[in-house]
file input.cif (mmCIF, C-alpha atoms)
data_upload
#
loop_
_atom_site.label_atom_id
_atom_site.label_comp_id
_atom_site.auth_asym_id
_atom_site.auth_seq_id
_atom_site.Cartn_x
_atom_site.Cartn_y
_atom_site.Cartn_z
CA MET H 71 22.44 11.44 78.39
CA LEU H 72 22.99 12.44 81.98
CA ALA H 73 23.81 9.00 83.29
CA ALA H 74 26.33 10.52 85.70
CA GLY H 75 24.61 10.71 89.05
CA GLY H 76 21.44 9.12 87.69
CA MET H 77 20.22 12.53 86.58
CA ALA H 78 18.87 11.63 83.16
CA PRO H 79 15.20 11.10 82.37
CA SER H 80 14.78 7.85 80.43
CA THR H 81 14.40 8.00 76.67
CA ARG H 82 10.80 6.86 77.17
CA ASP H 83 9.75 10.16 78.71
CA LEU H 84 12.12 12.72 77.22
CA ASN H 85 10.87 16.28 77.35
CA ALA H 86 12.49 19.68 77.35
CA VAL H 87 11.49 20.61 80.90
CA LYS H 88 13.00 17.46 82.44
CA LEU H 89 16.20 17.82 80.45
CA ARG H 90 16.59 21.47 81.45
CA GLU H 91 16.12 20.55 85.10
CA ALA H 92 18.62 17.70 84.78
CA MET H 93 21.27 19.94 83.21
CA LEU H 94 20.87 22.50 85.97
CA ARG H 95 21.28 19.77 88.63
CA LEU H 96 24.36 18.57 86.79
CA GLN H 97 25.86 22.07 86.91
CA GLU H 98 25.09 22.45 90.60
CA THR H 99 26.67 19.06 91.37
CA PHE H 100 29.69 18.79 89.08
CA ASP H 101 30.74 22.26 87.91
CA VAL H 102 33.09 24.69 89.64
CA GLN H 103 31.22 27.05 91.95
CA GLY H 104 31.81 30.59 93.12
CA VAL H 105 34.78 31.47 90.93
CA ALA H 106 35.67 35.04 91.93
CA ILE H 107 35.58 37.55 89.07
CA GLY H 108 35.33 41.31 88.73
CA SER H 109 31.56 41.58 88.39
CA VAL H 110 28.45 39.98 86.91
CA GLU H 111 25.70 42.02 85.26
CA ASN H 112 22.37 40.85 83.86
CA ARG H 113 20.70 42.92 81.19
CA LYS H 114 18.07 42.59 78.46
CA LEU H 115 18.53 43.42 74.79
CA PRO H 116 15.61 44.20 72.46
CA GLY H 117 15.92 40.93 70.57
CA PRO H 118 14.07 39.81 67.44
CA GLY H 119 11.68 37.68 69.48
CA GLY H 120 11.37 40.02 72.45
CA ALA H 121 13.64 40.69 75.41
CA LEU H 122 16.90 38.79 75.04
CA ALA H 123 18.79 38.12 78.28
CA VAL H 124 22.57 38.54 78.33
CA ARG H 125 24.82 37.93 81.33
CA ILE H 126 28.05 39.94 81.33
CA TYR H 127 31.10 38.60 83.17
CA THR H 128 33.85 41.15 83.78
CA PRO H 129 37.14 39.43 84.65
CA ALA H 130 39.07 39.98 87.85
CA GLY H 131 41.42 42.91 87.54
CA VAL H 132 39.28 44.80 85.03
CA SER H 133 37.50 47.83 86.49
CA ALA H 134 33.89 48.69 85.71
CA GLN H 135 34.89 51.53 83.36
CA GLN H 136 37.93 49.88 81.80
CA GLN H 137 37.73 48.80 78.17
CA SER H 138 38.47 45.14 77.45
CA PRO H 139 38.29 42.58 74.66
CA ALA H 140 35.02 40.66 74.42
CA LEU H 141 33.88 37.08 74.01
CA VAL H 142 30.29 36.67 72.84
CA TYR H 143 29.37 33.20 74.10
CA PHE H 144 26.58 30.76 73.24
CA HIS H 145 25.91 27.83 75.58
CA GLY H 146 25.31 24.31 74.30
CA GLY H 147 22.31 22.06 74.80
CA ALA H 148 21.22 20.84 71.35
CA GLY H 149 19.07 23.94 70.91
CA VAL H 150 16.61 22.54 73.47
CA PHE H 151 18.19 22.53 76.96
CA CYS H 152 20.91 24.30 78.95
CA SER H 153 20.98 28.03 79.67
CA ILE H 154 23.23 30.82 80.86
CA ASP H 155 22.81 29.34 84.36
CA THR H 156 24.18 25.92 83.38
CA HIS H 157 27.30 27.59 81.95
CA GLU H 158 27.97 29.97 84.84
CA GLY H 159 31.19 28.28 85.99
CA LEU H 160 32.59 27.98 82.48
CA CYS H 161 31.98 31.64 81.68
CA ARG H 162 33.58 32.80 84.93
CA VAL H 163 36.73 30.76 84.28
CA LEU H 164 36.89 31.91 80.65
CA ALA H 165 36.50 35.56 81.65
CA ASN H 166 39.43 35.44 84.06
CA ALA H 167 41.65 33.35 81.81
CA SER H 168 41.03 35.37 78.64
CA GLY H 169 40.83 38.86 80.11
CA CYS H 170 37.63 39.31 78.08
CA ARG H 171 34.26 40.50 79.15
CA VAL H 172 32.18 37.42 78.41
CA PHE H 173 28.66 38.05 77.11
CA SER H 174 26.64 34.87 77.66
CA VAL H 175 23.52 34.97 75.47
CA ASP H 176 20.28 33.32 76.61
CA TYR H 177 18.94 32.64 73.11
CA ARG H 178 15.50 31.13 72.49
CA LEU H 179 15.15 27.35 72.74
CA ALA H 180 13.15 24.69 70.92
CA PRO H 181 10.61 23.18 70.92
CA GLU H 182 8.96 26.46 71.92
CA HIS H 183 11.12 28.32 69.39
CA PRO H 184 12.54 25.99 66.71
CA PHE H 185 15.02 26.85 63.96
CA PRO H 186 15.92 29.59 63.08
CA ALA H 187 15.05 31.45 66.33
CA ALA H 188 18.35 30.64 68.08
CA ILE H 189 20.37 31.81 65.06
CA GLU H 190 18.38 35.03 64.83
CA ASP H 191 19.05 35.76 68.52
CA ALA H 192 22.74 34.86 68.22
CA TYR H 193 23.30 37.10 65.21
CA PHE H 194 21.30 39.96 66.71
CA ALA H 195 23.25 39.82 69.98
CA THR H 196 26.56 39.85 68.11
CA GLN H 197 25.49 42.82 65.98
CA TRP H 198 24.14 44.72 68.98
CA LEU H 199 27.28 44.26 71.05
CA SER H 200 29.46 45.32 68.13
CA THR H 201 27.49 48.51 67.51
CA HIS H 202 27.21 49.30 71.24
CA ALA H 203 30.83 48.52 72.07
CA SER H 204 31.50 51.78 73.89
CA GLU H 205 28.35 51.38 76.01
CA VAL H 206 29.41 47.95 77.25
CA ARG H 207 33.09 48.95 77.52
CA ILE H 208 34.59 46.61 74.93
CA ASP H 209 37.11 47.13 72.14
CA PRO H 210 35.21 46.75 68.83
CA ALA H 211 38.41 45.56 67.13
CA ARG H 212 38.81 42.68 69.61
CA ILE H 213 35.49 40.85 69.64
CA ALA H 214 35.70 37.06 69.70
CA ILE H 215 32.72 34.77 69.32
CA GLY H 216 32.42 31.31 70.79
CA GLY H 217 30.28 28.50 72.03
CA ASP H 218 30.22 24.86 73.02
CA SER H 219 28.33 22.01 71.38
CA PHE H 220 25.21 23.55 69.77
CA GLY H 221 26.54 26.94 70.86
CA GLY H 222 29.53 26.17 68.65
CA THR H 223 27.08 25.65 65.80
CA LEU H 224 25.63 29.09 66.46
CA ALA H 225 29.06 30.72 66.62
CA ALA H 226 30.13 29.11 63.33
CA VAL H 227 26.89 30.10 61.59
CA VAL H 228 27.14 33.68 62.88
CA CYS H 229 30.69 33.91 61.48
CA GLN H 230 29.52 32.64 58.10
CA ARG H 231 26.54 34.99 58.06
CA ALA H 232 28.66 37.98 59.10
CA LYS H 233 30.97 37.31 56.15
CA GLU H 234 28.06 37.00 53.72
CA THR H 235 26.36 40.21 54.87
CA ALA H 236 29.40 42.33 55.73
CA GLY H 237 28.21 42.13 59.32
CA PRO H 238 30.15 42.51 62.56
CA ALA H 239 33.93 42.29 62.29
CA LEU H 240 34.97 39.33 64.44
CA ALA H 241 38.56 38.82 65.52
CA LEU H 242 38.34 35.15 66.53
CA GLN H 243 35.98 32.18 66.69
CA VAL H 244 36.27 29.70 69.56
CA LEU H 245 34.40 26.44 69.02
CA VAL H 246 34.35 23.91 71.86
CA CYS H 247 33.16 20.41 70.93
CA PRO H 248 31.14 22.01 68.12
CA VAL H 249 28.25 20.34 66.32
CA THR H 250 29.03 21.14 62.69
CA ASP H 251 27.14 18.50 60.69
CA LEU H 252 23.78 17.08 61.72
CA SER H 253 23.24 15.55 58.27
CA GLY H 254 25.85 12.79 58.57
CA ARG H 255 27.03 10.18 61.02
CA SER H 256 30.78 10.16 61.62
CA ALA H 257 32.91 7.34 62.98
CA SER H 258 33.08 9.07 66.38
CA TRP H 259 29.27 9.35 66.41
CA THR H 260 29.09 5.55 66.03
CA ALA H 261 31.91 4.83 68.47
CA TYR H 262 30.93 7.17 71.31
CA GLY H 263 27.17 7.70 70.86
CA THR H 264 26.34 5.50 73.84
CA GLY H 265 27.96 5.24 77.24
CA HIS H 266 29.98 8.46 76.93
CA PHE H 267 27.61 11.04 78.46
CA LEU H 268 25.79 11.97 75.24
CA GLU H 269 23.30 9.39 74.01
CA ARG H 270 22.22 9.09 70.38
CA ALA H 271 18.56 8.64 71.31
CA THR H 272 18.53 11.95 73.19
CA LEU H 273 20.37 13.72 70.39
CA ASP H 274 18.04 12.39 67.70
CA TRP H 275 15.06 13.52 69.78
CA ALA H 276 16.56 16.99 70.29
CA ILE H 277 17.43 17.41 66.60
CA GLU H 278 13.82 16.68 65.66
CA LYS H 279 12.61 19.30 68.16
CA TYR H 280 15.10 21.93 66.99
CA ALA H 281 14.74 21.43 63.22
CA PRO H 282 11.52 19.50 62.59
CA ARG H 283 11.23 18.21 59.02
CA MET H 284 14.17 20.41 57.95
CA ASP H 285 16.96 19.61 55.52
CA LEU H 286 19.80 18.96 57.97
CA ALA H 287 22.36 19.67 55.24
CA ASN H 288 21.32 23.34 55.32
CA PRO H 289 24.56 25.21 56.22
CA ARG H 290 22.64 27.25 58.80
CA ILE H 291 21.99 23.94 60.60
CA SER H 292 25.19 22.14 59.63
CA PRO H 293 27.91 24.77 59.04
CA LEU H 294 30.34 22.12 57.78
CA ARG H 295 28.09 21.95 54.69
CA ALA H 296 28.92 25.53 53.66
CA LEU H 297 30.39 25.91 50.19
CA ASP H 298 33.07 28.45 51.05
CA PHE H 299 35.10 28.83 54.24
CA SER H 300 37.50 31.50 53.06
CA GLY H 301 37.56 34.86 54.78
CA LEU H 302 36.23 33.59 58.10
CA PRO H 303 37.81 34.68 61.40
CA PRO H 304 40.81 32.79 62.79
CA ALA H 305 39.64 29.79 64.79
CA HIS H 306 40.44 27.95 68.00
CA ILE H 307 38.68 24.58 67.83
CA HIS H 308 38.55 22.17 70.76
CA THR H 309 37.29 18.61 70.63
CA ALA H 310 37.21 15.77 73.18
CA GLU H 311 38.60 12.30 72.59
CA PHE H 312 35.43 10.42 73.58
CA ASP H 313 32.89 12.82 72.05
CA PRO H 314 30.43 11.71 69.35
CA PHE H 315 31.07 15.07 67.64
CA ARG H 316 34.86 14.81 67.71
CA ASP H 317 35.30 13.93 64.03
CA GLU H 318 33.10 16.70 62.70
CA GLY H 319 34.89 19.25 64.88
CA SER H 320 38.16 18.03 63.41
CA ALA H 321 36.66 18.17 59.90
CA TYR H 322 35.58 21.77 60.45
CA ALA H 323 39.10 22.72 61.54
CA GLU H 324 40.46 21.05 58.40
CA ALA H 325 37.94 22.82 56.14
CA LEU H 326 38.91 26.19 57.58
CA ALA H 327 42.63 25.47 57.26
CA LEU H 328 42.25 24.34 53.63
CA ALA H 329 40.48 27.66 52.93
CA GLY H 330 43.42 29.59 54.35
CA VAL H 331 41.88 30.43 57.73
CA PRO H 332 44.39 30.32 60.63
CA VAL H 333 43.34 27.44 62.89
CA ARG H 334 44.52 26.24 66.28
CA TYR H 335 43.12 22.75 66.89
CA THR H 336 43.19 20.82 70.18
CA CYS H 337 41.72 17.39 70.90
CA HIS H 338 41.54 16.94 74.69
CA ALA H 339 42.71 13.44 75.55
CA GLY H 340 40.48 11.39 77.84
CA MET H 341 37.67 13.96 77.83
CA ILE H 342 33.96 13.52 77.06
CA HIS H 343 31.47 15.97 75.62
CA HIS H 344 30.46 18.68 78.13
CA PHE H 345 33.62 18.16 80.21
CA TYR H 346 34.08 21.93 80.30
CA CYS H 347 30.92 22.30 82.42
CA MET H 348 31.93 19.56 84.85
CA ALA H 349 35.21 21.08 85.95
CA GLY H 350 34.39 20.60 89.62
CA ALA H 351 34.49 16.83 89.14
CA ILE H 352 36.85 16.26 86.19
CA SER H 353 40.34 17.18 87.37
CA ASN H 354 41.78 18.05 83.96
CA ALA H 355 38.83 20.16 82.85
CA GLN H 356 39.55 23.45 84.62
CA PRO H 357 43.20 23.61 83.45
CA ALA H 358 41.99 22.89 79.91
CA ILE H 359 39.50 25.76 80.10
CA ALA H 360 42.14 28.06 81.55
CA ASP H 361 44.52 27.15 78.73
CA ALA H 362 41.78 27.83 76.17
CA GLY H 363 41.19 31.23 77.77
CA ALA H 364 44.91 32.04 77.77
CA ALA H 365 45.01 31.22 74.05
CA ILE H 366 42.14 33.64 73.48
CA ALA H 367 44.02 36.34 75.38
CA GLU H 368 47.13 35.72 73.30
CA ALA H 369 45.22 35.83 70.01
CA LEU H 370 43.37 39.03 70.84
CA ALA H 371 46.51 40.73 72.16
CA LEU H 372 47.95 40.43 68.65
CA ARG H 373 45.11 42.46 67.13
#

call {"tool": "encode", "arguments": {"input": "input.cif", "output": "C-alpha cells"}}
result
Amino acid sequence: MLAAGGMAPSTRDLNAVKLREAMLRLQETFDVQGVAIGSVENRKLPGPGGALAVRIYTPAGVSAQQQSPALVYFHGGAGVFCSIDTHEGLCRVLANASGCRVFSVDYRLAPEHPFPAAIEDAYFATQWLSTHASEVRIDPARIAIGGDSFGGTLAAVVCQRAKETAGPALALQVLVCPVTDLSGRSASWTAYGTGHFLERATLDWAIEKYAPRMDLANPRISPLRALDFSGLPPAHIHTAEFDPFRDEGSAYAEALALAGVPVRYTCHAGMIHHFYCMAGAISNAQPAIADAGAAIAEALALR
C-alpha cells in the first residue's frame, strides 16, 4: 500500500501497528508541513468509549473569540490506521481555504475497536459540537461534515443517521475519495487495485479487521446501499482518476443527485487515492485542496 518510499510492510506481516507507523512516516515525508493558521487546540470530549480526542484548527484571520463556520472532519485509514496526526497538513490547508474551524476527530480504530465504534464516535462528536456550538465558537447553522476515504464513509453514515433520528442539522457533506460500498467490486477497484498506492490485499485485510464476519451490504458499513438518499445535506464529492474507489464515489454522487440532493462532483485527473495527504510531493494536490476549501466557503456563505 505504501510502496512510495518503500514504507509499506509486506502483505505477509501486515499489522495495525506497522501500518500506523508507515502512514505517519508518509505524512512526515510527503505532506505539506508547518502551514500557518490562526491556532491549534487539542481537547477531549466525553465520548461513548471514553475520552475522545478532537483537534481544533482555527483558520488564519479568525480571532479566538470570533464565531465561524465549522467542518467536522474524519480522517481516512480503512478504520484501522491513520490518525489526526497523519492528516495535520490537510486540515490546516482546509481550515484556511474554507474559513471554517476544522474539528478533526480521533475516533476509535480497529482491530482494538471494530465496527461500530468509529461510527459511534463520529456521530457523538457531531452531536456534541452541534449542541456546544457557542462554547467552541461556531455557527450552528453552518456546520459541514467531511472526511476522506474511510472518513468519507463515516461522514456519509453520520448524515444518513442524522436524517433518520432528527439529529444534528448539517449544512454540507464533503466526501473526498469516499469508500461507499465494501460489498461490491467496481471496475475501478479491478483496474487500480494494484500499483496505484492502495493495494487490494491490504484493503481486504483491513476490511476484515474493521468489520469481521459482518454483512458488508449493511448501509452503516456501505452507505451506497442505503434505501433512501432524499433529504440528505448538499454534497461536495471528490474522487481521483486512479483510485480503486473512484467508481463508487461517482455512484454515490449520482444516487444523491437522483434523490434531489444538490451535488457538486469533481474527479481529479491524474490523482491517486490519498493524494490530499501528500501535497508536499504531488504538485497539483495543494491547489486541489485549496479549491475544495474555497467551494466549502462558498457553499456555507449561502446559508

call {"tool": "residues_around", "arguments": {"input": "input.cif", "residues": "Pro116 (chain H)", "least_positions_apart": "5", "cutoff": "12 Å", "atoms": "only C-alpha atoms", "output": "list of chain:residue names"}}
result
H:Ala121, H:Leu122, H:Ala123, H:Val124, H:Asp191, H:Phe194, H:Ala195, H:Gln197, H:Trp198, H:Leu199

call {"tool": "write_last_selection", "arguments": {"input": "input.cif", "atoms": "C-alpha atoms", "output": "short mmCIF file (atom, residue, chain, number, x, y, z; two decimals), in the coordinates of the input"}}
result
data_model
loop_
_atom_site.label_atom_id
_atom_site.label_comp_id
_atom_site.auth_asym_id
_atom_site.auth_seq_id
_atom_site.Cartn_x
_atom_site.Cartn_y
_atom_site.Cartn_z
CA ALA H 121 13.64 40.69 75.41
CA LEU H 122 16.90 38.79 75.04
CA ALA H 123 18.79 38.12 78.28
CA VAL H 124 22.57 38.54 78.33
CA ASP H 191 19.05 35.76 68.52
CA PHE H 194 21.30 39.96 66.71
CA ALA H 195 23.25 39.82 69.98
CA GLN H 197 25.49 42.82 65.98
CA TRP H 198 24.14 44.72 68.98
CA LEU H 199 27.28 44.26 71.05
#

call {"tool": "resolve_selection", "arguments": {"input": "input.cif", "expression": "the PyMOL selection byres ((chain H and resi 108) around 9)", "output": "short mmCIF file (atom, residue, chain, number, x, y, z; two decimals) with C-alpha atoms, in the coordinates of the input"}}
result
data_model
loop_
_atom_site.label_atom_id
_atom_site.label_comp_id
_atom_site.auth_asym_id
_atom_site.auth_seq_id
_atom_site.Cartn_x
_atom_site.Cartn_y
_atom_site.Cartn_z
CA ALA H 106 35.67 35.04 91.93
CA ILE H 107 35.58 37.55 89.07
CA SER H 109 31.56 41.58 88.39
CA VAL H 110 28.45 39.98 86.91
CA TYR H 127 31.10 38.60 83.17
CA THR H 128 33.85 41.15 83.78
CA PRO H 129 37.14 39.43 84.65
CA ALA H 130 39.07 39.98 87.85
CA GLY H 131 41.42 42.91 87.54
CA VAL H 132 39.28 44.80 85.03
CA SER H 133 37.50 47.83 86.49
CA ALA H 134 33.89 48.69 85.71
CA ASN H 166 39.43 35.44 84.06
#

call {"tool": "residues_around", "arguments": {"input": "input.cif", "residues": "region 285-291 of chain H", "least_positions_apart": "3", "cutoff": "8 Å", "atoms": "all atoms listed in the file", "output": "PyMOL selection string"}}
result
chain H and resi 223+227+250-253+281+294-296

call {"tool": "resolve_selection", "arguments": {"input": "input.cif", "expression": "the PyMOL selection byres ((chain H and resi 233-248) around 9)", "output": "PyMOL selection string"}}
result
chain H and resi 141+143+146+196-197+200-201+210-223+225-226+228-232+249-250+301-310+313+315-316+318-319+322+343-344+346+362+366+369-370+373

call {"tool": "closest_residue", "arguments": {"input": "input.cif", "among": "H:Thr264, H:Arg334, H:Val105, H:Met284", "to": "Ala365 (chain H)", "atoms": "only C-alpha atoms"}}
result
H:Arg334

call {"tool": "closest_residue", "arguments": {"input": "input.cif", "among": "H:Ala358, H:Ala351, H:Ile154, H:Ala321", "to": "Ala339 (chain H)", "atoms": "only C-alpha atoms"}}
result
H:Ala358

call {"tool": "build_atoms", "arguments": {"input": "input.cif", "residues": "region 131-167 of chain H", "atoms": "N, CA and C atoms", "output": "compact mmCIF listing (two decimals), keeping the file's coordinate frame"}}
result
# COMPACT_ATOMS: atom_id res chain seq x y z
N GLY H 131 40.36 42.00 87.96
CA GLY H 131 41.42 42.91 87.54
C GLY H 131 41.02 43.91 86.49
N VAL H 132 39.79 43.82 85.99
CA VAL H 132 39.28 44.80 85.03
C VAL H 132 38.22 45.64 85.73
N SER H 133 38.43 46.95 85.78
CA SER H 133 37.50 47.83 86.49
C SER H 133 36.22 48.02 85.68
N ALA H 134 35.20 48.52 86.34
CA ALA H 134 33.89 48.69 85.71
C ALA H 134 33.96 49.58 84.47
N GLN H 135 34.83 50.58 84.47
CA GLN H 135 34.89 51.53 83.36
C GLN H 135 36.03 51.23 82.38
N GLN H 136 36.77 50.21 82.65
CA GLN H 136 37.93 49.88 81.80
C GLN H 136 37.49 49.12 80.56
N GLN H 137 38.03 49.51 79.41
CA GLN H 137 37.73 48.80 78.17
C GLN H 137 38.48 47.47 78.14
N SER H 138 37.85 46.46 77.54
CA SER H 138 38.47 45.14 77.45
C SER H 138 38.09 44.49 76.12
N PRO H 139 38.79 43.41 75.75
CA PRO H 139 38.29 42.58 74.66
C PRO H 139 36.98 41.91 75.08
N ALA H 140 36.31 41.29 74.13
CA ALA H 140 35.02 40.66 74.42
C ALA H 140 34.97 39.26 73.84
N LEU H 141 34.22 38.39 74.52
CA LEU H 141 33.88 37.08 74.01
C LEU H 141 32.37 36.93 74.08
N VAL H 142 31.73 36.92 72.91
CA VAL H 142 30.29 36.67 72.84
C VAL H 142 30.11 35.16 72.87
N TYR H 143 29.38 34.65 73.87
CA TYR H 143 29.37 33.20 74.10
C TYR H 143 27.96 32.62 74.05
N PHE H 144 27.85 31.47 73.37
CA PHE H 144 26.58 30.76 73.24
C PHE H 144 26.71 29.38 73.89
N HIS H 145 25.88 29.11 74.89
CA HIS H 145 25.91 27.83 75.58
C HIS H 145 25.42 26.71 74.67
N GLY H 146 25.79 25.48 75.03
CA GLY H 146 25.31 24.31 74.30
C GLY H 146 23.96 23.86 74.78
N GLY H 147 23.58 22.62 74.37
CA GLY H 147 22.31 22.06 74.80
C GLY H 147 21.40 21.64 73.67
N ALA H 148 21.97 21.38 72.49
CA ALA H 148 21.22 20.84 71.35
C ALA H 148 20.08 21.75 70.90
N GLY H 149 20.13 23.00 71.30
CA GLY H 149 19.07 23.94 70.91
C GLY H 149 17.80 23.78 71.71
N VAL H 150 17.83 22.88 72.73
CA VAL H 150 16.61 22.54 73.47
C VAL H 150 16.79 22.77 74.98
N PHE H 151 17.96 22.41 75.51
CA PHE H 151 18.19 22.53 76.96
C PHE H 151 19.45 23.33 77.22
N CYS H 152 19.84 23.43 78.46
CA CYS H 152 20.91 24.30 78.95
C CYS H 152 20.50 25.77 78.88
N SER H 153 21.31 26.62 79.53
CA SER H 153 20.98 28.03 79.67
C SER H 153 22.22 28.77 80.13
N ILE H 154 22.09 30.08 80.32
CA ILE H 154 23.23 30.82 80.86
C ILE H 154 23.54 30.38 82.29
N ASP H 155 22.56 29.83 83.00
CA ASP H 155 22.81 29.34 84.36
C ASP H 155 23.65 28.07 84.36
N THR H 156 23.41 27.17 83.41
CA THR H 156 24.18 25.92 83.38
C THR H 156 25.62 26.15 82.99
N HIS H 157 25.94 27.30 82.41
CA HIS H 157 27.30 27.59 81.95
C HIS H 157 27.96 28.70 82.77
N GLU H 158 27.45 28.92 83.96
CA GLU H 158 27.97 29.97 84.84
C GLU H 158 29.45 29.75 85.18
N GLY H 159 29.81 28.55 85.62
CA GLY H 159 31.19 28.28 85.99
C GLY H 159 32.14 28.43 84.82
N LEU H 160 31.76 27.89 83.67
CA LEU H 160 32.59 27.98 82.48
C LEU H 160 32.85 29.43 82.10
N CYS H 161 31.82 30.24 82.09
CA CYS H 161 31.98 31.64 81.68
C CYS H 161 32.84 32.42 82.66
N ARG H 162 32.73 32.13 83.94
CA ARG H 162 33.58 32.80 84.93
C ARG H 162 35.06 32.45 84.71
N VAL H 163 35.35 31.17 84.50
CA VAL H 163 36.73 30.76 84.28
C VAL H 163 37.27 31.37 82.98
N LEU H 164 36.46 31.34 81.92
CA LEU H 164 36.89 31.91 80.65
C LEU H 164 37.15 33.41 80.75
N ALA H 165 36.31 34.12 81.50
CA ALA H 165 36.50 35.56 81.65
C ALA H 165 37.86 35.85 82.28
N ASN H 166 38.15 35.20 83.38
CA ASN H 166 39.43 35.44 84.06
C ASN H 166 40.62 35.02 83.21
N ALA H 167 40.52 33.87 82.56
CA ALA H 167 41.65 33.35 81.81
C ALA H 167 41.93 34.13 80.53
